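What follows is a single structure, written as structure tokens, with notes after it.
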Amino acid sequence: MTTAAPKTGRRICIVMMSAIGDAVHVLPVVTALKRHDPSSTITWILQPGPASLVRGHPGVDQILVFEKSRGWRGMLDLRAELARRKFDLVIDLQVYIKAGLVTSFTQAPVKLGFDKARARDMNWLFTNERIPPHAPQHVQDQYLEFLSALDVPAEPLEWNLGPWQSELADRERVLGALPRPFATLVIGATHREKEWLPERWAEVAIALRSDFGLEPVLAGGRSGRELETARLIDAAGARTHSTLGVPLRDLVTILDTSELVISLDTAPLHMSVALERPVISLMGYNNPKRVGPYRRYHDLLIDAYGDPGENYPISYAHRLGRMPRITVRDVLERVERWSASYRGRVSSTRS
């Protein structure tokens, strides 16, 4: 990559505004940039949800919040804020038209984005340098390509998601009402096709307590579907403990303290991987080779996306109606595998 920007002390702007899971995948990029040049200043443009997860991260110097809910007014406010700033390098990690517009608002000699083939919504029009084309790969590896283009070592891969030292004193407030040991069940997702049947969640929750000595704790948001799923789980006699709707930083503490996480294809899955908490992934709608758990816990993955024996390629393709293929027995077999391979061997270093 050719660039007129300085090699040290750079003012770097990250454009990745939405999706909490994607924000988790960007954290190794941020930590590597800061590790490579501690004198750099990193500004990250985020929507309020992911901003609440990232705020306080030691590698992020400043967050600019894009208030998407305010529509064009939010976009104009962000443009006015960016007009007062200058950067040496802008990294556009998001291939949508709004990210392209935000990138166009930034002032920098180098605006680095995806190659033309991967830059959807004509996003490539808003950048002046691009990473080389690459075959489809895991989304985490896709973001790490930007480090290669900048000659910044990615390894050792570090998310540094927390809990941070400043949060440790608050642990008992977060965990005080939860019994231990516990397993966290992430029961909701933004897309119905990613969800699992409430009665099966209930069977798993009952078995966790009776057969594995783990109290079931529900996690996720407070959407209508999630609240109804939680109601049906408890109506089936599961007697769970709900943490639905807790702030994302509190969820980090909950996941970090879990003996085991069982998660749908959603952000807490990736948060668990970042925290090195064993996670059983229930996947059917999205391609696990592209957005499944990165590098870890593939032995606990339940893949309903592929057919038995299918060696499917990495792709963006969705598959409908796959989640009902996952049985209670499938999940409990992974719990047994967790018990044999991980139980008692993985502990939080932050407790």
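Each chain of the structure tokens is named A, B, ... in the order shown, its residues numbered from 1; ligands are numbered from 1 in display order.
Every protein, DNA or RNA residue with an atom at most 6 Å from Gly113 of chain A, where only C-alpha atoms count and chain neighbours fewer than 5 positions away do not, is listed here: Asp92, Thr127 and Arg130 of chain A.
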Go ahead and save the picked residues with C-alpha atoms, as a CSV table (one decimal), in the first residue's frame.
chain,number,residue,atom,x,y,z
A,92,ASP,CA,-13.8,1.9,5.9
A,127,THR,CA,-12.2,5.3,-1.0
A,130,ARG,CA,-8.3,-0.5,-1.5
| Residues near Arg296 of chain A, cut-off 12 Å, only C-alpha atoms, skip fewer than 4 positions along chain, as a PyMOL selection string | chain A and resi 269-270+272-281+292+300-301
Expected file contents, prior selection, C-alpha atoms, as a CSV table (one decimal), in the first residue's frame:
chain,number,residue,atom,x,y,z
A,269,LEU,CA,-21.5,-15.8,20.4
A,270,HIS,CA,-18.5,-13.7,19.2
A,272,SER,CA,-17.9,-15.3,24.2
A,273,VAL,CA,-15.1,-16.3,21.7
A,274,ALA,CA,-13.3,-13.0,22.4
A,275,LEU,CA,-13.6,-13.7,26.2
A,276,GLU,CA,-12.4,-17.3,25.7
A,277,ARG,CA,-15.6,-18.7,27.2
A,278,PRO,CA,-16.6,-22.1,25.8
A,279,VAL,CA,-19.6,-21.5,23.6
A,280,ILE,CA,-22.0,-24.0,21.9
A,281,SER,CA,-23.0,-22.3,18.7
A,292,GLY,CA,-19.1,-19.0,13.0
A,300,LEU,CA,-18.9,-27.4,20.2
A,301,LEU,CA,-20.5,-26.0,17.0
| said: Give me, as an MDAnalysis selection string, the residues of segment 189-235 of chain A that a backbone DSSP run labels helix (DSSP H, G or I). | reply: chainID A and resid 192:194 198:212 224:235
Keeping only N, CA and C atoms, write the selected residues as a compact mmCIF listing (two decimals), in the first residue's frame.
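Listed below is the output, part24.txt:
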# COMPACT_ATOMS: atom_id res chain seq x y z
N ARG A 192 -35.67 -14.03 12.61
CA ARG A 192 -36.41 -15.21 13.05
C ARG A 192 -35.76 -16.51 12.61
N GLU A 193 -35.14 -16.50 11.43
CA GLU A 193 -34.55 -17.72 10.90
C GLU A 193 -33.35 -18.20 11.71
N LYS A 194 -32.85 -17.36 12.62
CA LYS A 194 -31.74 -17.77 13.48
C LYS A 194 -32.22 -18.36 14.81
N PRO A 198 -38.71 -22.58 21.66
CA PRO A 198 -38.69 -22.37 23.12
C PRO A 198 -38.77 -23.66 23.92
N GLU A 199 -39.56 -24.62 23.46
CA GLU A 199 -39.68 -25.87 24.23
C GLU A 199 -38.37 -26.64 24.25
N ARG A 200 -37.55 -26.49 23.22
CA ARG A 200 -36.25 -27.15 23.21
C ARG A 200 -35.27 -26.43 24.13
N TRP A 201 -35.34 -25.08 24.13
CA TRP A 201 -34.54 -24.34 25.10
C TRP A 201 -34.89 -24.80 26.52
N ALA A 202 -36.18 -25.00 26.78
CA ALA A 202 -36.62 -25.41 28.12
C ALA A 202 -36.04 -26.77 28.49
N GLU A 203 -36.07 -27.71 27.57
CA GLU A 203 -35.50 -29.04 27.87
C GLU A 203 -34.01 -28.95 28.17
N VAL A 204 -33.31 -28.13 27.41
CA VAL A 204 -31.88 -27.96 27.65
C VAL A 204 -31.65 -27.33 29.01
N ALA A 205 -32.43 -26.30 29.34
CA ALA A 205 -32.27 -25.62 30.63
C ALA A 205 -32.49 -26.57 31.80
N ILE A 206 -33.52 -27.40 31.70
CA ILE A 206 -33.81 -28.37 32.76
C ILE A 206 -32.66 -29.36 32.91
N ALA A 207 -32.12 -29.83 31.77
CA ALA A 207 -31.02 -30.80 31.81
C ALA A 207 -29.74 -30.17 32.35
N LEU A 208 -29.50 -28.92 32.04
CA LEU A 208 -28.30 -28.25 32.57
C LEU A 208 -28.30 -28.28 34.09
N ARG A 209 -29.46 -28.03 34.69
CA ARG A 209 -29.54 -28.02 36.15
C ARG A 209 -29.48 -29.44 36.72
N SER A 210 -30.26 -30.34 36.15
CA SER A 210 -30.40 -31.66 36.76
C SER A 210 -29.21 -32.58 36.48
N ASP A 211 -28.62 -32.46 35.29
CA ASP A 211 -27.57 -33.40 34.88
C ASP A 211 -26.16 -32.82 34.96
N PHE A 212 -26.04 -31.49 34.94
CA PHE A 212 -24.71 -30.88 34.89
C PHE A 212 -24.45 -29.89 36.01
N GLY A 224 -39.91 -8.21 21.74
CA GLY A 224 -41.11 -8.97 22.03
C GLY A 224 -40.90 -10.46 21.86
N ARG A 225 -40.17 -10.86 20.83
CA ARG A 225 -39.95 -12.30 20.59
C ARG A 225 -39.09 -12.90 21.70
N GLU A 226 -38.07 -12.18 22.14
CA GLU A 226 -37.22 -12.71 23.21
C GLU A 226 -37.98 -12.85 24.52
N LEU A 227 -38.79 -11.85 24.85
CA LEU A 227 -39.58 -11.93 26.08
C LEU A 227 -40.58 -13.07 26.02
N GLU A 228 -41.18 -13.28 24.86
CA GLU A 228 -42.12 -14.39 24.71
C GLU A 228 -41.41 -15.74 24.79
N THR A 229 -40.23 -15.84 24.18
CA THR A 229 -39.45 -17.07 24.29
C THR A 229 -39.10 -17.36 25.74
N ALA A 230 -38.68 -16.35 26.48
CA ALA A 230 -38.36 -16.54 27.90
C ALA A 230 -39.59 -16.99 28.68
N ARG A 231 -40.75 -16.40 28.37
CA ARG A 231 -41.98 -16.79 29.07
C ARG A 231 -42.32 -18.26 28.81
N LEU A 232 -42.18 -18.67 27.55
CA LEU A 232 -42.51 -20.06 27.20
C LEU A 232 -41.51 -21.04 27.82
N ILE A 233 -40.26 -20.65 27.89
CA ILE A 233 -39.25 -21.50 28.53
C ILE A 233 -39.61 -21.74 29.98
N ASP A 234 -39.94 -20.69 30.70
CA ASP A 234 -40.29 -20.84 32.11
C ASP A 234 -41.63 -21.53 32.30
N ALA A 235 -42.57 -21.32 31.36
CA ALA A 235 -43.87 -21.99 31.44
C ALA A 235 -43.71 -23.51 31.32
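Residues lying within 12 Å of Ser166 of chain A, counting only C-alpha atoms and ignoring same-chain neighbours fewer than 6 positions away, are Gly56, His57, Pro58, Arg249 and Arg350 of chain A.
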Those residues you just picked out, can you put them in a file as a compact mmCIF listing (two decimals), in the first residue's frame with N, CA and C atoms?
# COMPACT_ATOMS: atom_id res chain seq x y z
N GLY A 56 -14.73 2.90 26.43
CA GLY A 56 -13.82 2.53 27.51
C GLY A 56 -12.72 1.59 27.07
N HIS A 57 -12.79 1.08 25.84
CA HIS A 57 -11.74 0.17 25.35
C HIS A 57 -10.40 0.91 25.32
N PRO A 58 -9.35 0.31 25.84
CA PRO A 58 -8.06 1.01 25.93
C PRO A 58 -7.43 1.36 24.59
N ARG A 249 -22.06 -3.85 28.54
CA ARG A 249 -20.88 -4.03 29.39
C ARG A 249 -21.19 -4.99 30.54
N ARG A 350 -10.08 -12.65 35.22
CA ARG A 350 -10.43 -11.33 35.70
C ARG A 350 -11.25 -11.39 36.97
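Counting only C-alpha atoms, Ala183 of chain A has the following residues at most 10 Å away, ignoring those fewer than 3 positions along the same chain: Arg180, Val186, Ala205, Leu208, Arg209, Phe212, Gly213, Leu214, Glu215, Pro216, Val217, Leu218, Ile254, Leu255, Thr257, Ser258, Glu259, Leu260, Val261, Ile262 and Val279 of chain A.
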What does the file look like for those residues with C-alpha atoms, as an mmCIF file, in the first residue's frame?
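After the write, part.cif holds the following:
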data_model
loop_
_atom_site.group_PDB
_atom_site.id
_atom_site.type_symbol
_atom_site.label_atom_id
_atom_site.label_comp_id
_atom_site.auth_asym_id
_atom_site.auth_seq_id
_atom_site.Cartn_x
_atom_site.Cartn_y
_atom_site.Cartn_z
ATOM 1 C CA ARG A 180 -23.337 -20.028 40.463
ATOM 2 C CA VAL A 186 -28.531 -16.567 24.389
ATOM 3 C CA ALA A 205 -32.268 -25.618 30.628
ATOM 4 C CA LEU A 208 -28.304 -28.253 32.565
ATOM 5 C CA ARG A 209 -29.539 -28.020 36.149
ATOM 6 C CA PHE A 212 -24.714 -30.884 34.888
ATOM 7 C CA GLY A 213 -25.250 -28.777 37.999
ATOM 8 C CA LEU A 214 -25.470 -25.535 36.028
ATOM 9 C CA GLU A 215 -28.100 -22.884 36.631
ATOM 10 C CA PRO A 216 -29.618 -21.640 33.336
ATOM 11 C CA VAL A 217 -29.324 -17.874 32.826
ATOM 12 C CA LEU A 218 -31.101 -16.262 29.870
ATOM 13 C CA ILE A 254 -22.002 -12.243 32.724
ATOM 14 C CA LEU A 255 -20.477 -14.073 29.760
ATOM 15 C CA THR A 257 -18.299 -15.537 34.477
ATOM 16 C CA SER A 258 -20.275 -18.271 32.684
ATOM 17 C CA GLU A 259 -19.045 -21.829 32.855
ATOM 18 C CA LEU A 260 -20.599 -22.358 29.435
ATOM 19 C CA VAL A 261 -22.453 -20.288 26.853
ATOM 20 C CA ILE A 262 -25.064 -21.697 24.477
ATOM 21 C CA VAL A 279 -19.603 -21.544 23.571
#
| query | DSSP says strand (DSSP E or B) for which residues of segment 111-305 of chain A? Put them as a list in words? | reply | Lys111, Leu112, Gly113, Glu129, Arg130, Phe182, Ala183, Thr184, Leu185, Val186, Glu215, Pro216, Val217, Leu218, Ala219, His241, Ser242, Leu260, Val261, Ile262, Ser263, Leu264, Val279, Ile280, Ser281, Leu282, Met283, Ile302 and Asp303 of chain A
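Using only C-alpha atoms, the smallest distance between any of A:Ala83, A:Asp151, A:Val139, A:Gln62 and Asp37 of chain A comes from A:Asp151.
Compared by their closest atoms to Phe114 of chain A, and using only C-alpha atoms, the residues A:Arg322, A:Arg84, A:His134, A:Lys98 rank with A:His134 nearest.
The protein and nucleic acid residues lying at most 12 Å from Gly284 of chain A are His191, Arg192, Glu193, Lys194, Glu195, Trp196, Leu264, Asp265, Thr266, Val291, Gly292, Leu301, Ile302, Asp303, Ala304, Tyr305, Gly306, Asp307, Ala317, His318, Arg319, Leu320, Gly321, Arg322, Met323, Pro324, Arg325 and Ile326 of chain A, with only C-alpha atoms considered and sequence neighbours fewer than 6 positions away removed.
The two atoms in question, atom CA of Arg120 of chain A and atom CA of Gln94 of chain A, are spaced 9.1 Å apart.
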Listing only residues of segment 129-173 of chain A within 7 Å of segment 21-36 of chain A, what is the closest atom pair and its distance in Å (to one decimal) for each, using only C-alpha atoms, sorted by chain and residue number ascending, as CSV?
residue,atom,partner,partner_atom,distance
A:Gln140,CA,A:His25,CA,5.5
A:Tyr143,CA,A:Val26,CA,6.7
A:Leu144,CA,A:Val29,CA,6.4
A:Leu147,CA,A:Val29,CA,6.8
A:Val152,CA,A:His36,CA,6.5
A:Pro153,CA,A:Ala32,CA,6.8
A:Ala154,CA,A:Ala32,CA,5.7
A:Leu157,CA,A:Pro28,CA,6.0
A:Glu158,CA,A:Pro28,CA,5.2
A:Trp159,CA,A:Pro28,CA,4.8
| remark: Using only C-alpha atoms, the shortest atom-to-atom distance to Leu197 of chain A among A:Val328, A:Met271, A:Ala149, A:Ala80 belongs to A:Val328
| message | Residues within 8 Å of Phe87 of chain A, please, as a VMD selection string. Count only C-alpha atoms; anything in the same chain fewer than 4 positions from it doesn't count. | response | chain A and resid 10 to 13 106 to 109
Please produce a file of the residues just selected, as a compact mmCIF listing (two decimals), in the first residue's frame, where the atoms kept are C-alpha atoms.
# COMPACT_ATOMS: atom_id res chain seq x y z
CA ARG A 10 -1.25 8.72 12.92
CA ARG A 11 -4.73 10.06 13.43
CA ILE A 12 -6.83 7.05 12.40
CA CYS A 13 -10.57 6.95 11.86
CA THR A 106 -13.96 12.55 6.54
CA GLN A 107 -10.86 14.56 5.70
CA ALA A 108 -7.81 12.36 5.12
CA PRO A 109 -5.22 11.80 2.40
| message | Taking only C-alpha atoms into account, name the residue in A:Leu168, A:Ala117, A:Ser18, A:Arg337 that is nearest to Tyr297 of chain A. | response | A:Arg337
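In this structure, atom CA of Leu185 of chain A sits 26.9 Å away from atom CA of Leu46 of chain A.
You can rank A:Ser39, A:Gln142, A:Thr8, A:Ser339 by their closest distance to Arg290 of chain A using only C-alpha atoms, and at the top of that list sits A:Gln142.
Interatomic distance, atom CA of Ile42 of chain A against atom CA of Leu251 of chain A: 24.8 Å.
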